[in-house]
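Chemist: Okay, handing you the structure first.
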Amino acid sequence: MEALPPLTMEEAEGGLLRRPWAWLRLSGDSLLAKARFTDRGYVLLLCDLRHAWLERVDSDLVGRRAKELNRRLTAPPAAFLSRLDGLLGSLMEAGGAPDRGRDPPPGGAPPGTTFRCTRAAGTLTLSVGGQLAGLPFRWEFHCAPAPSSLVFEQLVQPLMGVSLALQGQVRELAGLLRLKDAQIQDYEDGGAVLGRDRLKTEPFDEDAFQERFVAEKLPAACDWRDGRPLAHSLRPLYGAVTAAAPRHGPDRRTPGDGPSPESDDEAAPQPGDAPGGPRPPPSAPARASSEALLTVSEPGRPGHPGWGRGA
């Protein structure tokens with residue numbers, strides 16, 4: 001079988017932008033997370049609103065790490081990528097609590113799967129533990145500090161768009177309220193009388209409303225806490241903003257940000273990064289069942305679909 005071309009930075013980050021943020025709580029850490037998996041590799045971005053970490057690996061590195069961590073399991077990299085996609089996807093959907101007393105989705109995290117987050121020397125490691133085909137299964141996501149240009153593109157810039165969109169909504173609602181006030185005034189001028197006094201309202205004063213909101217509601221509205229609102233209440237609007245945002249050119253650097261990640265991967269070095277070359281079209285996500293991609297081979301036991309046991 002012909003080897004797949006390596007996953008490029010442009011492909012990885014381009015698809016990542018349209019992935020929603022998920023909120024995780026692991027080992028006492030509250031994290032925002034988003035990830036993209038294909039059959040050629042994955043990219044994982046984590047953020048605690050103070051720091052951000054990134055790991056981008058290709059299928060070759062996935063295969064090497066899988067052998068180091070799971071010597072008794074044999075599988076092609078695409079199978080491990082599919083399995084990791086299911087495990088991490090279940091974690092993100094559950095908000096960092098994979099065990100909730102219900103059956104996992106196909107390819108998701110089975111009961112007993114553990115996730116642990118550790119930090120050391122500026123890096124962050126997300127460890128996964130569990131079982132596959134009756135054998136221990138382990139994986140470690142090794143995340144290095146993310147370049148500022150990526151954080152701006154994936155978090156800051158979309159939030160600026162969300163802010164502008166919300167401001168536009170406020171202006172639209174204020175305009176509707178003024179029209180409603182004019183309509184009510186027209187009814188009253190024509191002799192209409194309100195049947196229930198408790199429904200009586202004062203004409204909408206936008207300046208007074210803004211002053212009252214800033215004085216009474218703003219502190220609570222600006223309480224980001226652990227970033228959960230971005231993964232919950234703001235998630236639909238974030239998705240709409242990123243879907244509508246125009247794509248930038250190949251160079252997204254800001255002054256002082258250093259080399260662009262597309263032209264120079266040294267902005268966020270990752271083990272196993274492949275050298276540059278032709279940029280093939282993005283591959284479809286690795287959604288095929290990992291169980292169907294593997295075979296068991298044991299002495300005295302017929303082979304059957306499943307995870308293989310190494311020597």
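Ligands are numbered from 1 in the order shown, residues from 1 within each chain, and chains are lettered A, B, ... in the order they appear in the structure tokens.
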Please provide as a VMD selection string all residues within 12 Å of Arg50 (chain A), with the sequence filter that same-chain residues fewer than 2 positions apart are discarded (counting only C-alpha atoms).
Modeler: chain A and resid 30 to 32 46 to 48 52 to 53 122 145 to 146 148 151 225 to 227
Chemist: Those residues with N, CA, C and O atoms, as an mmCIF file, in the first residue's frame please?
Modeler:
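Output saved as result_30.cif:
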```cif
data_model
loop_
_atom_site.group_PDB
_atom_site.id
_atom_site.type_symbol
_atom_site.label_atom_id
_atom_site.label_comp_id
_atom_site.auth_asym_id
_atom_site.auth_seq_id
_atom_site.Cartn_x
_atom_site.Cartn_y
_atom_site.Cartn_z
ATOM 1 N N SER A 30 -8.806 22.976 34.484
ATOM 2 C CA SER A 30 -9.883 23.311 33.556
ATOM 3 C C SER A 30 -9.248 23.770 32.249
ATOM 4 O O SER A 30 -8.434 24.688 32.235
ATOM 5 N N LEU A 31 -9.615 23.113 31.170
ATOM 6 C CA LEU A 31 -8.973 23.376 29.885
ATOM 7 C C LEU A 31 -10.017 23.534 28.787
ATOM 8 O O LEU A 31 -11.057 22.865 28.804
ATOM 9 N N LEU A 32 -9.724 24.406 27.840
ATOM 10 C CA LEU A 32 -10.430 24.428 26.574
ATOM 11 C C LEU A 32 -9.624 23.577 25.593
ATOM 12 O O LEU A 32 -8.395 23.618 25.589
ATOM 13 N N LEU A 46 -4.771 22.912 23.289
ATOM 14 C CA LEU A 46 -5.308 23.046 24.640
ATOM 15 C C LEU A 46 -4.995 24.438 25.173
ATOM 16 O O LEU A 46 -3.948 25.007 24.866
ATOM 17 N N CYS A 47 -5.906 24.984 25.995
ATOM 18 C CA CYS A 47 -5.717 26.335 26.522
ATOM 19 C C CYS A 47 -6.398 26.442 27.875
ATOM 20 O O CYS A 47 -7.514 25.943 28.060
ATOM 21 N N ASP A 48 -5.705 27.071 28.842
ATOM 22 C CA ASP A 48 -6.305 27.301 30.163
ATOM 23 C C ASP A 48 -6.585 28.787 30.400
ATOM 24 O O ASP A 48 -6.748 29.226 31.536
ATOM 25 N N ALA A 52 -1.303 28.251 26.256
ATOM 26 C CA ALA A 52 -1.853 27.372 25.230
ATOM 27 C C ALA A 52 -0.775 26.387 24.799
ATOM 28 O O ALA A 52 0.410 26.724 24.756
ATOM 29 N N TRP A 53 -1.209 25.167 24.496
ATOM 30 C CA TRP A 53 -0.284 24.101 24.109
ATOM 31 C C TRP A 53 -0.787 23.434 22.842
ATOM 32 O O TRP A 53 -2.007 23.327 22.612
ATOM 33 N N GLY A 122 6.897 23.915 31.156
ATOM 34 C CA GLY A 122 6.188 24.612 30.104
ATOM 35 C C GLY A 122 5.415 23.734 29.145
ATOM 36 O O GLY A 122 4.697 24.243 28.283
ATOM 37 N N PRO A 145 4.344 24.528 24.000
ATOM 38 C CA PRO A 145 3.695 25.846 23.914
ATOM 39 C C PRO A 145 3.302 26.187 22.478
ATOM 40 O O PRO A 145 4.086 26.013 21.548
ATOM 41 N N ALA A 146 2.081 26.664 22.320
ATOM 42 C CA ALA A 146 1.572 27.004 20.992
ATOM 43 C C ALA A 146 2.066 28.378 20.567
ATOM 44 O O ALA A 146 2.213 29.282 21.404
ATOM 45 N N SER A 148 1.992 32.157 19.231
ATOM 46 C CA SER A 148 0.983 33.188 19.471
ATOM 47 C C SER A 148 0.091 33.405 18.261
ATOM 48 O O SER A 148 -1.091 33.722 18.397
ATOM 49 N N VAL A 151 -2.752 30.915 18.467
ATOM 50 C CA VAL A 151 -3.717 31.272 19.517
ATOM 51 C C VAL A 151 -4.600 32.429 19.047
ATOM 52 O O VAL A 151 -5.815 32.439 19.265
ATOM 53 N N ARG A 225 -14.479 32.647 34.317
ATOM 54 C CA ARG A 225 -14.171 31.498 35.159
ATOM 55 C C ARG A 225 -13.119 30.609 34.497
ATOM 56 O O ARG A 225 -11.960 30.959 34.418
ATOM 57 N N ASP A 226 -13.551 29.461 33.986
ATOM 58 C CA ASP A 226 -12.633 28.478 33.420
ATOM 59 C C ASP A 226 -12.802 28.324 31.913
ATOM 60 O O ASP A 226 -12.374 27.339 31.340
ATOM 61 N N GLY A 227 -13.448 29.289 31.272
ATOM 62 C CA GLY A 227 -13.635 29.209 29.827
ATOM 63 C C GLY A 227 -14.849 28.424 29.390
ATOM 64 O O GLY A 227 -15.080 28.246 28.189
#
```
Chemist: Contacts of Ala165 (chain A) at 10 Å or less, counting only C-alpha atoms, minus same-chain residues fewer than 4 places along, as a list in words?
Modeler: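 Returned residues: Leu159, Met160, Gly161, Gln169, Val170, Arg171, Leu237, Tyr238, Ala240 and Val241 of chain A.
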Chemist: Save out the residues we just selected, all heavy atoms, as a compact mmCIF listing (two decimals), in the first residue's frame.
Modeler:
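Printed below is part15.txt as written:
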```txt
# COMPACT_ATOMS: atom_id res chain seq x y z
N LEU A 159 -13.14 35.28 18.87
CA LEU A 159 -13.84 35.97 19.96
C LEU A 159 -14.10 37.43 19.61
O LEU A 159 -15.12 38.00 20.02
CB LEU A 159 -13.05 35.85 21.25
CG LEU A 159 -13.09 34.48 21.94
CD1 LEU A 159 -12.24 34.48 23.19
CD2 LEU A 159 -14.52 34.10 22.28
N MET A 160 -13.17 38.05 18.87
CA MET A 160 -13.44 39.40 18.39
C MET A 160 -14.65 39.40 17.46
O MET A 160 -15.51 40.30 17.51
CB MET A 160 -12.21 39.96 17.68
CG MET A 160 -11.02 40.21 18.59
SD MET A 160 -9.51 40.62 17.69
CE MET A 160 -9.99 42.18 16.94
N GLY A 161 -14.74 38.39 16.61
CA GLY A 161 -15.90 38.26 15.73
C GLY A 161 -17.18 38.03 16.51
O GLY A 161 -18.24 38.59 16.18
N GLN A 169 -26.25 42.30 17.29
CA GLN A 169 -27.53 41.83 17.80
C GLN A 169 -28.16 42.86 18.75
O GLN A 169 -29.37 43.11 18.70
CB GLN A 169 -27.35 40.50 18.52
CG GLN A 169 -27.07 39.33 17.59
CD GLN A 169 -26.94 38.02 18.35
OE1 GLN A 169 -27.00 37.98 19.57
NE2 GLN A 169 -26.76 36.93 17.61
N VAL A 170 -27.33 43.45 19.61
CA VAL A 170 -27.84 44.45 20.55
C VAL A 170 -28.41 45.64 19.79
O VAL A 170 -29.49 46.16 20.14
CB VAL A 170 -26.72 44.89 21.51
CG1 VAL A 170 -27.16 46.13 22.31
CG2 VAL A 170 -26.37 43.76 22.46
N ARG A 171 -27.70 46.09 18.75
CA ARG A 171 -28.20 47.23 17.97
C ARG A 171 -29.53 46.89 17.30
O ARG A 171 -30.46 47.71 17.26
CB ARG A 171 -27.16 47.64 16.93
CG ARG A 171 -25.95 48.36 17.52
CD ARG A 171 -25.15 49.03 16.43
NE ARG A 171 -24.60 48.06 15.50
CZ ARG A 171 -23.40 47.49 15.62
NH1 ARG A 171 -22.64 47.79 16.66
NH2 ARG A 171 -22.97 46.63 14.72
N LEU A 237 -22.48 30.44 18.27
CA LEU A 237 -22.06 31.69 17.64
C LEU A 237 -20.60 31.61 17.20
O LEU A 237 -20.22 32.13 16.14
CB LEU A 237 -22.27 32.86 18.60
CG LEU A 237 -22.06 34.27 18.02
CD1 LEU A 237 -22.90 34.47 16.77
CD2 LEU A 237 -22.39 35.32 19.07
N TYR A 238 -19.75 30.96 18.00
CA TYR A 238 -18.35 30.76 17.61
C TYR A 238 -18.29 29.99 16.30
O TYR A 238 -17.52 30.34 15.39
CB TYR A 238 -17.59 30.01 18.70
CG TYR A 238 -16.16 29.66 18.35
CD1 TYR A 238 -15.12 30.51 18.68
CD2 TYR A 238 -15.86 28.47 17.68
CE1 TYR A 238 -13.80 30.19 18.35
CE2 TYR A 238 -14.55 28.15 17.33
CZ TYR A 238 -13.53 29.01 17.68
OH TYR A 238 -12.24 28.69 17.34
N ALA A 240 -20.57 29.81 13.95
CA ALA A 240 -21.06 30.65 12.85
C ALA A 240 -20.00 31.67 12.43
O ALA A 240 -19.82 31.93 11.23
CB ALA A 240 -22.35 31.35 13.26
N VAL A 241 -19.30 32.24 13.41
CA VAL A 241 -18.28 33.24 13.10
C VAL A 241 -17.11 32.62 12.33
O VAL A 241 -16.65 33.17 11.33
CB VAL A 241 -17.78 33.92 14.39
CG1 VAL A 241 -16.51 34.71 14.14
CG2 VAL A 241 -18.86 34.84 14.95
```
Chemist: What does the structure give for the distance between CA of Arg119 (chain A) and CA of Leu44 (chain A), in Å to one decimal?
Modeler: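 These atoms are spaced 15.7 Å apart.
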Chemist: Going by DSSP on the backbone, which residues of region 39-273 of chain A come out as strand (DSSP E)? List them as a VMD selection string.
Modeler: chain A and resid 41 to 47 52 to 58 73 to 74 114 to 120 123 to 132 135 to 145
Chemist: Residues at most 8 Å from Gly129 (chain A), counting only C-alpha atoms, excluding those fewer than 6 positions away in the same chain, as a ChimeraX atom specification?
Modeler: /A:113-115,136-139
Chemist: So how far away is CA of Gln154 (chain A) from CA of His232 (chain A), in Å?
Modeler: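 Separation of CA of His232 (chain A) and CA of Gln154 (chain A): 16.5 Å.
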Chemist: Measuring between only C-alpha atoms, which one of A:Ser233, A:Ser27, A:Gln210, A:Thr38 shows the shortest distance to Arg56 (chain A)?
Modeler: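 Closest residue, counting only C-alpha atoms: A:Thr38.
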Chemist: Residues of region 29-96 of chain A classed as alpha helix (DSSP H) by DSSP on the backbone are to be reported as a CSV table (one decimal) with C-alpha atoms, in the first residue's frame.
Modeler:
```
chain,number,residue,atom,x,y,z
A,59,SER,CA,1.1,9.0,11.1
A,60,ASP,CA,4.8,7.9,11.2
A,61,LEU,CA,5.2,9.4,14.7
A,62,VAL,CA,1.8,7.9,15.7
A,63,GLY,CA,3.2,4.4,14.7
A,64,ARG,CA,6.4,4.9,16.6
A,65,ARG,CA,4.8,6.2,19.8
A,66,ALA,CA,2.2,3.4,19.7
A,67,LYS,CA,4.9,0.8,19.6
A,68,GLU,CA,6.7,2.4,22.6
A,69,LEU,CA,3.6,2.6,24.7
A,77,PRO,CA,-1.2,4.0,12.5
A,78,ALA,CA,-4.7,4.7,10.9
A,79,ALA,CA,-6.2,2.3,13.4
A,80,PHE,CA,-4.6,4.1,16.4
A,81,LEU,CA,-5.7,7.5,14.9
A,82,SER,CA,-9.3,6.3,14.6
A,83,ARG,CA,-9.2,5.0,18.2
A,84,LEU,CA,-7.8,8.2,19.6
A,85,ASP,CA,-10.3,10.2,17.6
A,86,GLY,CA,-13.1,8.3,19.3
A,87,LEU,CA,-11.6,8.5,22.8
A,88,LEU,CA,-10.8,12.2,22.7
A,89,GLY,CA,-14.1,12.9,21.0
A,90,SER,CA,-16.0,11.2,23.8
A,91,LEU,CA,-14.0,13.1,26.4
A,92,MET,CA,-14.8,16.4,24.8
A,93,GLU,CA,-18.5,15.6,24.5
```
Chemist: Each residue of region 156-197 of chain A with at least one atom at most 12 Å from region 201-204 of chain A should appear once, together with its nearest atom pair and the corresponding distance in Å (one decimal); atoms considered: only C-alpha atoms; ordering: chain, then increasing residue number; output as a Markdown table.
Modeler:
```
| residue | atom | partner | partner_atom | distance |
| --- | --- | --- | --- | --- |
| A:Leu173 | CA | A:Phe204 | CA | 10.9 |
| A:Ala174 | CA | A:Phe204 | CA | 8.1 |
| A:Gly175 | CA | A:Phe204 | CA | 9.9 |
| A:Leu176 | CA | A:Phe204 | CA | 10.2 |
| A:Leu177 | CA | A:Phe204 | CA | 6.6 |
| A:Arg178 | CA | A:Phe204 | CA | 6.5 |
| A:Leu179 | CA | A:Phe204 | CA | 9.9 |
| A:Lys180 | CA | A:Pro203 | CA | 9.1 |
| A:Asp181 | CA | A:Pro203 | CA | 5.9 |
| A:Ala182 | CA | A:Pro203 | CA | 8.8 |
| A:Gln183 | CA | A:Pro203 | CA | 11.0 |
| A:Ile184 | CA | A:Pro203 | CA | 9.4 |
| A:Gln185 | CA | A:Pro203 | CA | 9.2 |
| A:Leu194 | CA | A:Thr201 | CA | 10.6 |
| A:Arg196 | CA | A:Thr201 | CA | 11.2 |
| A:Asp197 | CA | A:Thr201 | CA | 9.1 |
```
Chemist: Export N, CA and C atoms of the chosen residues as a compact mmCIF listing (two decimals), in the first residue's frame?
Modeler:
```txt
# COMPACT_ATOMS: atom_id res chain seq x y z
N LEU A 173 -31.77 44.68 18.33
CA LEU A 173 -32.81 44.60 19.36
C LEU A 173 -33.22 45.99 19.84
N ALA A 174 -32.23 46.88 19.99
CA ALA A 174 -32.55 48.25 20.40
C ALA A 174 -33.44 48.92 19.37
N GLY A 175 -33.15 48.70 18.09
CA GLY A 175 -33.98 49.27 17.04
C GLY A 175 -35.40 48.72 17.08
N LEU A 176 -35.54 47.42 17.33
CA LEU A 176 -36.87 46.82 17.42
C LEU A 176 -37.65 47.38 18.61
N LEU A 177 -36.95 47.58 19.73
CA LEU A 177 -37.63 48.14 20.90
C LEU A 177 -38.13 49.56 20.62
N ARG A 178 -37.32 50.34 19.91
CA ARG A 178 -37.78 51.70 19.58
C ARG A 178 -39.01 51.66 18.67
N LEU A 179 -39.03 50.72 17.73
CA LEU A 179 -40.21 50.58 16.87
C LEU A 179 -41.43 50.15 17.68
N LYS A 180 -41.22 49.25 18.63
CA LYS A 180 -42.33 48.82 19.48
C LYS A 180 -42.87 49.99 20.30
N ASP A 181 -41.95 50.80 20.83
CA ASP A 181 -42.39 51.98 21.59
C ASP A 181 -43.22 52.92 20.71
N ALA A 182 -42.77 53.12 19.47
CA ALA A 182 -43.51 53.99 18.56
C ALA A 182 -44.89 53.41 18.24
N GLN A 183 -44.94 52.07 18.10
CA GLN A 183 -46.21 51.42 17.82
C GLN A 183 -47.18 51.56 18.99
N ILE A 184 -46.66 51.37 20.20
CA ILE A 184 -47.50 51.51 21.40
C ILE A 184 -48.00 52.95 21.53
N GLN A 185 -47.11 53.91 21.28
CA GLN A 185 -47.51 55.31 21.37
C GLN A 185 -48.62 55.64 20.37
N LEU A 194 -54.48 50.21 28.03
CA LEU A 194 -53.91 48.94 28.47
C LEU A 194 -54.86 48.27 29.45
N ARG A 196 -54.23 45.67 31.45
CA ARG A 196 -53.57 45.19 32.68
C ARG A 196 -52.41 46.12 33.00
N ASP A 197 -52.53 46.79 34.12
CA ASP A 197 -51.52 47.79 34.50
C ASP A 197 -50.14 47.19 34.67
```
Chemist: Quick one: of A:Asp58, A:Leu26, A:Asp223, A:Arg212, who's nearest to Thr125 (chain A), counting only C-alpha atoms?
Modeler: A:Leu26
Chemist: Figure out the distance between CA of Arg19 (chain A) and CA of Val57 (chain A), please, to one decimal in Å.
Modeler: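 Computing it gives 17.7 Å between the two atoms.
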